[in-house]
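This report concerns only the one structure given below.
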Amino acid sequence: MILDAKSCVSTEKNMSSSVYIAGLGVISAIGNDVAEHLAAFEQEKAGMSDITMLNTIHHGELPVAEVKLSNDELAAITGLPANIGRTALLSAVAAKEALTDADIPNLDSLRTGFVSANSVGGMDKSEDFFIDFLKDNSKGKLRNVFDHECGSMTELVADQLGITDYMTTISTACSSSANAIFYAARLIKNDVLDVVIAGGADALTKFTLNGFNTLMILDKEFCKPFDEHREGLNLGEGAGYLVLVSDKVAATLKKPVYCKLSGYNNSNDAYHQTASSPDGTGSFLAMSGALQKSGLKPADIDYINLHGTGTPNNDSAEGTAIKRIFDPEYPPMSSTKSFTGHTLGASGGIEAVFSALAIKQRIIYPNLRFETRMNELPFEPEKHYLADQDINHVMSNSFGFGGNCTSLIFSRI
Amino acid sequence: MKAYIRSSSCISPQKTFRNDAFLTYIVEYNGTRLSAIEPDYKEFIDPKQIRRMSHVIKMGVAAARDCLNKADTEMPGAIITGTALGCLEDTVTFLTRVIELEEEMLPPTAFIQSTHNTVAAQIALMLQCHQYNNTFVHKGISFESAVLDALMLLSEGDADNILVGGIEEMVDASFKILTRLGLYKRWPVSNLSLLSTASSGTMGGEGAVFFLLSDKPSASNMAELTDIQTLYKPKDIAADITTFLGRNSLKINDIDLVIIGKNGDTRNDEVYKRLGESAFKNSSIANYKHLCGEYPTSSAFALWLAANIVKKGVVPTIVAEKGKNNSAPKRILIYNHYQNKYHSLILVSAI
């Protein structure tokens, strides 16, 4: 579908049989790059704390997992202006790290795309704008509302990275960036693009913090995913991107790829706008669909990076779906949201980075603060950081509002 | 990658919804904003839910259901929407309350329905459709991204009967902000003279247009969606159009009708004017934005127009700009751009 000097006009199908992960980039409350994340996991150091950046009345009452850099600091790192949406700033940090990490020879000659996800675009700036706008519709600094759209976040970063061949934005609530990775892989498989930076970003905003607060699913303590006494989630912020490449591009790389994306599925729970069905229909369909796509059996999965938000509803539905698929042999699993908080539209991208790293580094991440097994489940998440693990296939789950459920499977090659 | 359009349903500022007459009676608007004509939703949505649903959700769900009904299909194989701004009404409601109530005692409903995937999700919920469900939110190519996703799903053999929609709502707040940003004209105009009053700004619009796409040929299909292409800040659009047609073994002279995105704003229309004097010099031209207004997913309205033109074999007088070849076009090129950044080409053929 992309048309420029780089694309050869051909009627022949040139489908890439596999899609490889060549680069990773991540920023969240536990670190500003991949190396800092690996260190935080090993030290079992969570990223939640009192609110310091966000201007809200919930300060001191609701813990969040903030990236510990101001907009000015993020701007200095990325070269972007500091007055744009924080989501774009976070996005640029991780996308740049991923692209640098991939170090693709002759990138300029390849059809390159940027497929990014987020949930509320430049809402942080729109909040500032609306304070004045509500008092008087002729007031409010237009600069602050100019980049309100989700697509603006993607465009700002694509411009910064010099990507013009293709870009788009996906927004399916908390499964957004898993769907971005999924769509990007298919752009490569269908010979539309050779290289895609895919994932997502989301900054903390008053809009989302208050939204989740009205739903009464925010834990006032640090979250306890998959624990019988879990009380909700902690919101986080960040960005995570993978560089996906075709097999042709993979052959030209200077270092080994991390893994390949072997399975994916997007299914809908079709149960409720925000709540998951008790039997986890959507999650069951997403996980089993991804297994089917990859040609793997449940027993082949060596680690599950859970959606595991820490809300009573999600963990119960996800756990029930896992039981339906994996019983009686359960692979190790954990929710890294116990470190990063729930980063919403960024979570699928961030956790895809963790999944690829689990394969490359042969590690399993701990599910922090887990104490008591859930009554309805015959399994529990991994409590400790495990090194030297034999990990060939990792499943990553991302489920969102609107019943949007997506599972990805990454495999060692 | 191509697909057949089995059916289409369009809620717009014109009487396009469940109306066999094809743009024969035109609604005139004086101002700078065109609002979608809302149907009686009771036939499509449970009356208890109608009250809770925002404008864009109701439009989207009704157009989606009507589109399925027209193709006699109960369950789509996938649901994909494109919307640049998503659920603005609920977003503005919740944001206003966060500020005015100073973050205290907020009701959750507006937040719950504010996510961009709400329309696709509500369609899935209503149909109990567990299949693939996705939402694209990228400015002027949100709808095109959704179509590309659908074409890939068909090509991969992973789904058939894919419901694809372009949806957008205009609310008072967004209208005021976009007016301040200079998108619309500074004085009221009639949409019927919008395209002949060359000046700065256009008229805002909205709508919900859905299509059911399949890879199976059938005599009852409306049209073939032959190819689609998006371009970001193209340097030479004429050359890009030639290449696009070339990869479909076509030249511009093979195109019976070109539907363009002229919107009455001098800067916006400059490229159409230039092409009209060069590449499209001998082409029949049709316009559509004086009917639906300018909005980021308006190309869905253009696709609805093109599919109906090839199906019915008529070019409505109200859209025809020039050219003699306006009887029963077989090949239509849609060329639209949004704010000179995002350009798209869609090729539609008679089946």
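If you're wondering about the labels, chains in the structure tokens are A, B, ... by order shown, residues count from 1 in each chain, ligands from 1 in order shown.
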Chain B residues within 8 Å of chain A, counting only C-alpha atoms: which ones, as a VMD selection string? chain B and resid 84 to 85 94 to 96 98 to 99 102 to 103 105 to 108 111 to 113 115 to 118 120 to 122 124 to 126 128 to 139 141 to 142 145 148 to 149 152 176 to 177 180 to 181 228 to 233 240 243 to 244 247
I'd like the neighbourhood of segment 28-36 of chain A as a list in words, where a residue qualifies if any of its atoms comes within 7 Å (using only C-alpha atoms), though same-chain residues fewer than 4 positions away should be ignored.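 With the cut-off at 7 Å, the set is Ala40, Ala46, Gly47, Ala65, Glu66, Val67, Lys68, Glu237, Gly238, Ala239, Phe339 and Thr340 of chain A.
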Skipping near chain neighbours, those fewer than 4 positions away, what residues fall within 12 Å of segment 313-321 of chain B using only C-alpha atoms, listed as a PyMOL selection string? chain B and resi 14+21-28+191-193+195-196+222-223+256-262+276+283-292+302+305-309+325-332+349-351
Skipping near chain neighbours, those fewer than 2 positions away, what residues fall within 9 Å of Ala178 of chain A using only C-alpha atoms, listed as JSON, numbers by chain? {"A": [117, 174, 175, 176, 180, 181, 182, 183, 198, 199, 200, 345, 346, 347, 348, 349, 351, 352, 396, 397, 398, 406, 407, 408]}
Would you save the residues of that selection, restricted to N, CA and C atoms, as a CSV table (one decimal), in the first residue's frame?
```csv
chain,number,residue,atom,x,y,z
A,117,ALA,N,0.5,3.4,19.6
A,117,ALA,CA,-0.8,3.4,20.2
A,117,ALA,C,-0.8,4.3,21.4
A,174,CYS,N,-6.7,-0.5,26.8
A,174,CYS,CA,-5.5,-1.1,27.4
A,174,CYS,C,-4.8,-2.2,26.5
A,175,SER,N,-5.5,-2.6,25.4
A,175,SER,CA,-4.8,-3.5,24.5
A,175,SER,C,-4.2,-2.8,23.3
A,176,SER,N,-4.2,-1.5,23.3
A,176,SER,CA,-3.8,-0.7,22.2
A,176,SER,C,-2.5,-1.1,21.6
A,180,ALA,N,-1.1,-2.7,18.1
A,180,ALA,CA,-0.2,-2.0,17.2
A,180,ALA,C,0.9,-2.9,16.7
A,181,ILE,N,1.5,-3.8,17.6
A,181,ILE,CA,2.5,-4.7,17.3
A,181,ILE,C,2.0,-5.8,16.3
A,182,PHE,N,0.8,-6.2,16.6
A,182,PHE,CA,0.1,-7.2,15.8
A,182,PHE,C,-0.1,-6.7,14.3
A,183,TYR,N,-0.6,-5.5,14.2
A,183,TYR,CA,-0.9,-4.8,12.9
A,183,TYR,C,0.4,-4.6,12.2
A,198,ALA,N,7.0,-0.5,16.4
A,198,ALA,CA,5.6,-0.7,16.9
A,198,ALA,C,5.5,-0.8,18.4
A,199,GLY,N,4.5,-0.2,18.9
A,199,GLY,CA,4.3,-0.3,20.4
A,199,GLY,C,3.4,0.9,20.8
A,200,GLY,N,3.6,1.4,21.9
A,200,GLY,CA,2.7,2.5,22.4
A,200,GLY,C,3.3,3.3,23.5
A,345,GLY,N,-2.5,2.4,27.4
A,345,GLY,CA,-2.1,2.2,26.0
A,345,GLY,C,-0.7,1.8,25.8
A,346,ALA,N,0.2,2.0,26.7
A,346,ALA,CA,1.6,1.6,26.6
A,346,ALA,C,1.9,0.2,27.0
A,347,SER,N,0.9,-0.3,27.8
A,347,SER,CA,1.3,-1.6,28.5
A,347,SER,C,1.6,-2.7,27.6
A,348,GLY,N,0.9,-2.9,26.5
A,348,GLY,CA,1.2,-4.0,25.6
A,348,GLY,C,2.5,-3.9,25.0
A,349,GLY,N,3.0,-2.6,24.7
A,349,GLY,CA,4.3,-2.4,24.1
A,349,GLY,C,5.4,-2.7,25.1
A,351,GLU,N,5.2,-4.5,27.8
A,351,GLU,CA,5.3,-5.9,28.2
A,351,GLU,C,5.8,-6.8,27.1
A,352,ALA,N,5.6,-6.3,25.8
A,352,ALA,CA,6.2,-7.0,24.7
A,352,ALA,C,7.7,-6.9,24.8
A,396,SER,N,2.2,-13.0,25.9
A,396,SER,CA,1.9,-11.7,26.6
A,396,SER,C,0.5,-11.3,26.4
A,397,ASN,N,-0.2,-11.0,27.5
A,397,ASN,CA,-1.6,-10.7,27.4
A,397,ASN,C,-1.9,-9.2,27.6
A,398,SER,N,-2.8,-8.7,26.8
A,398,SER,CA,-3.3,-7.3,27.0
A,398,SER,C,-4.8,-7.2,26.8
A,406,THR,N,-6.2,-9.0,23.5
A,406,THR,CA,-5.1,-9.4,22.5
A,406,THR,C,-4.0,-10.2,23.2
A,407,SER,N,-3.6,-11.3,22.6
A,407,SER,CA,-2.5,-12.1,23.1
A,407,SER,C,-1.4,-12.2,22.0
A,408,LEU,N,-0.2,-12.0,22.4
A,408,LEU,CA,0.9,-12.2,21.5
A,408,LEU,C,1.8,-13.3,22.0
```
Identify all residues of segment 88-336 of chain B in strand (DSSP E or B) (DSSP on the backbone) and supply them as a PyMOL selection string. chain B and resi 132-136+162-168+184+189-190+199+202+204+207-214+223-232+257-260+265+285-287+294+314+320-322+327+331-336
List the neighbours of Ile21 of chain A out to 7 Å using only C-alpha atoms; skip same-chain residues closer than 2 positions along the sequence, and give me the result as an mmCIF file with C-alpha atoms, in the first residue's frame.
```cif
data_model
loop_
_atom_site.group_PDB
_atom_site.id
_atom_site.type_symbol
_atom_site.label_atom_id
_atom_site.label_comp_id
_atom_site.auth_asym_id
_atom_site.auth_seq_id
_atom_site.Cartn_x
_atom_site.Cartn_y
_atom_site.Cartn_z
ATOM 1 C CA VAL A 19 8.514 -11.327 11.583
ATOM 2 C CA GLY A 23 15.346 -3.804 18.584
ATOM 3 C CA LEU A 242 9.768 -3.202 19.270
ATOM 4 C CA VAL A 243 11.486 -2.911 15.930
ATOM 5 C CA LEU A 244 9.904 -5.564 13.728
ATOM 6 C CA VAL A 245 11.685 -6.644 10.564
ATOM 7 C CA VAL A 257 17.524 -10.781 16.623
ATOM 8 C CA TYR A 258 15.804 -11.111 20.018
ATOM 9 C CA CYS A 259 13.095 -13.500 18.908
ATOM 10 C CA LYS A 260 10.214 -13.707 16.472
#
```
Calculate how many Å separate atom CA of Pro328 of chain A from atom CA of Asn375 of chain A, rounding to one decimal.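 According to the coordinates, atom CA of Pro328 of chain A and atom CA of Asn375 of chain A are separated by 16.1 Å.
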Just the number, please: distance in Å from atom CA of Ile217 of chain A to atom CA of Arg51 of chain B, one decimal. 25.6 Å
Please identify all polymer residues within 9 Å of segment 383-395 of chain A, counting only C-alpha atoms, omitting same-chain residues fewer than 2 positions from it, and present them as a PyMOL selection string. chain A and resi 41-44+259+262-263+287+290-291+296+300-306+334+355-356+358-371+380-381+397+407-413
Set the distance at 6 Å and use only C-alpha atoms: which residues neighbour segment 156-173 of chain B once local chain neighbours fewer than 3 positions away are removed? I'd like the list as a count of residues only. 24
Which of these, A:Ala275, A:Ala158, A:Leu69, A:Ala299, has the shortest distance to Asn314 of chain A once you count only C-alpha atoms?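 Nearest to Asn314 of chain A: A:Ala275.
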re atom CA of Met75 of chain B and atom CA of Phe284 of chain A: distance 19.9 Å
Which residue of A:Arg324, A:His342, A:Lys293, A:Lys337 approaches Gly280 of chain A most closely, using only C-alpha atoms: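 Looking at the shortest contact to Gly280 of chain A, the residue is A:Arg324.
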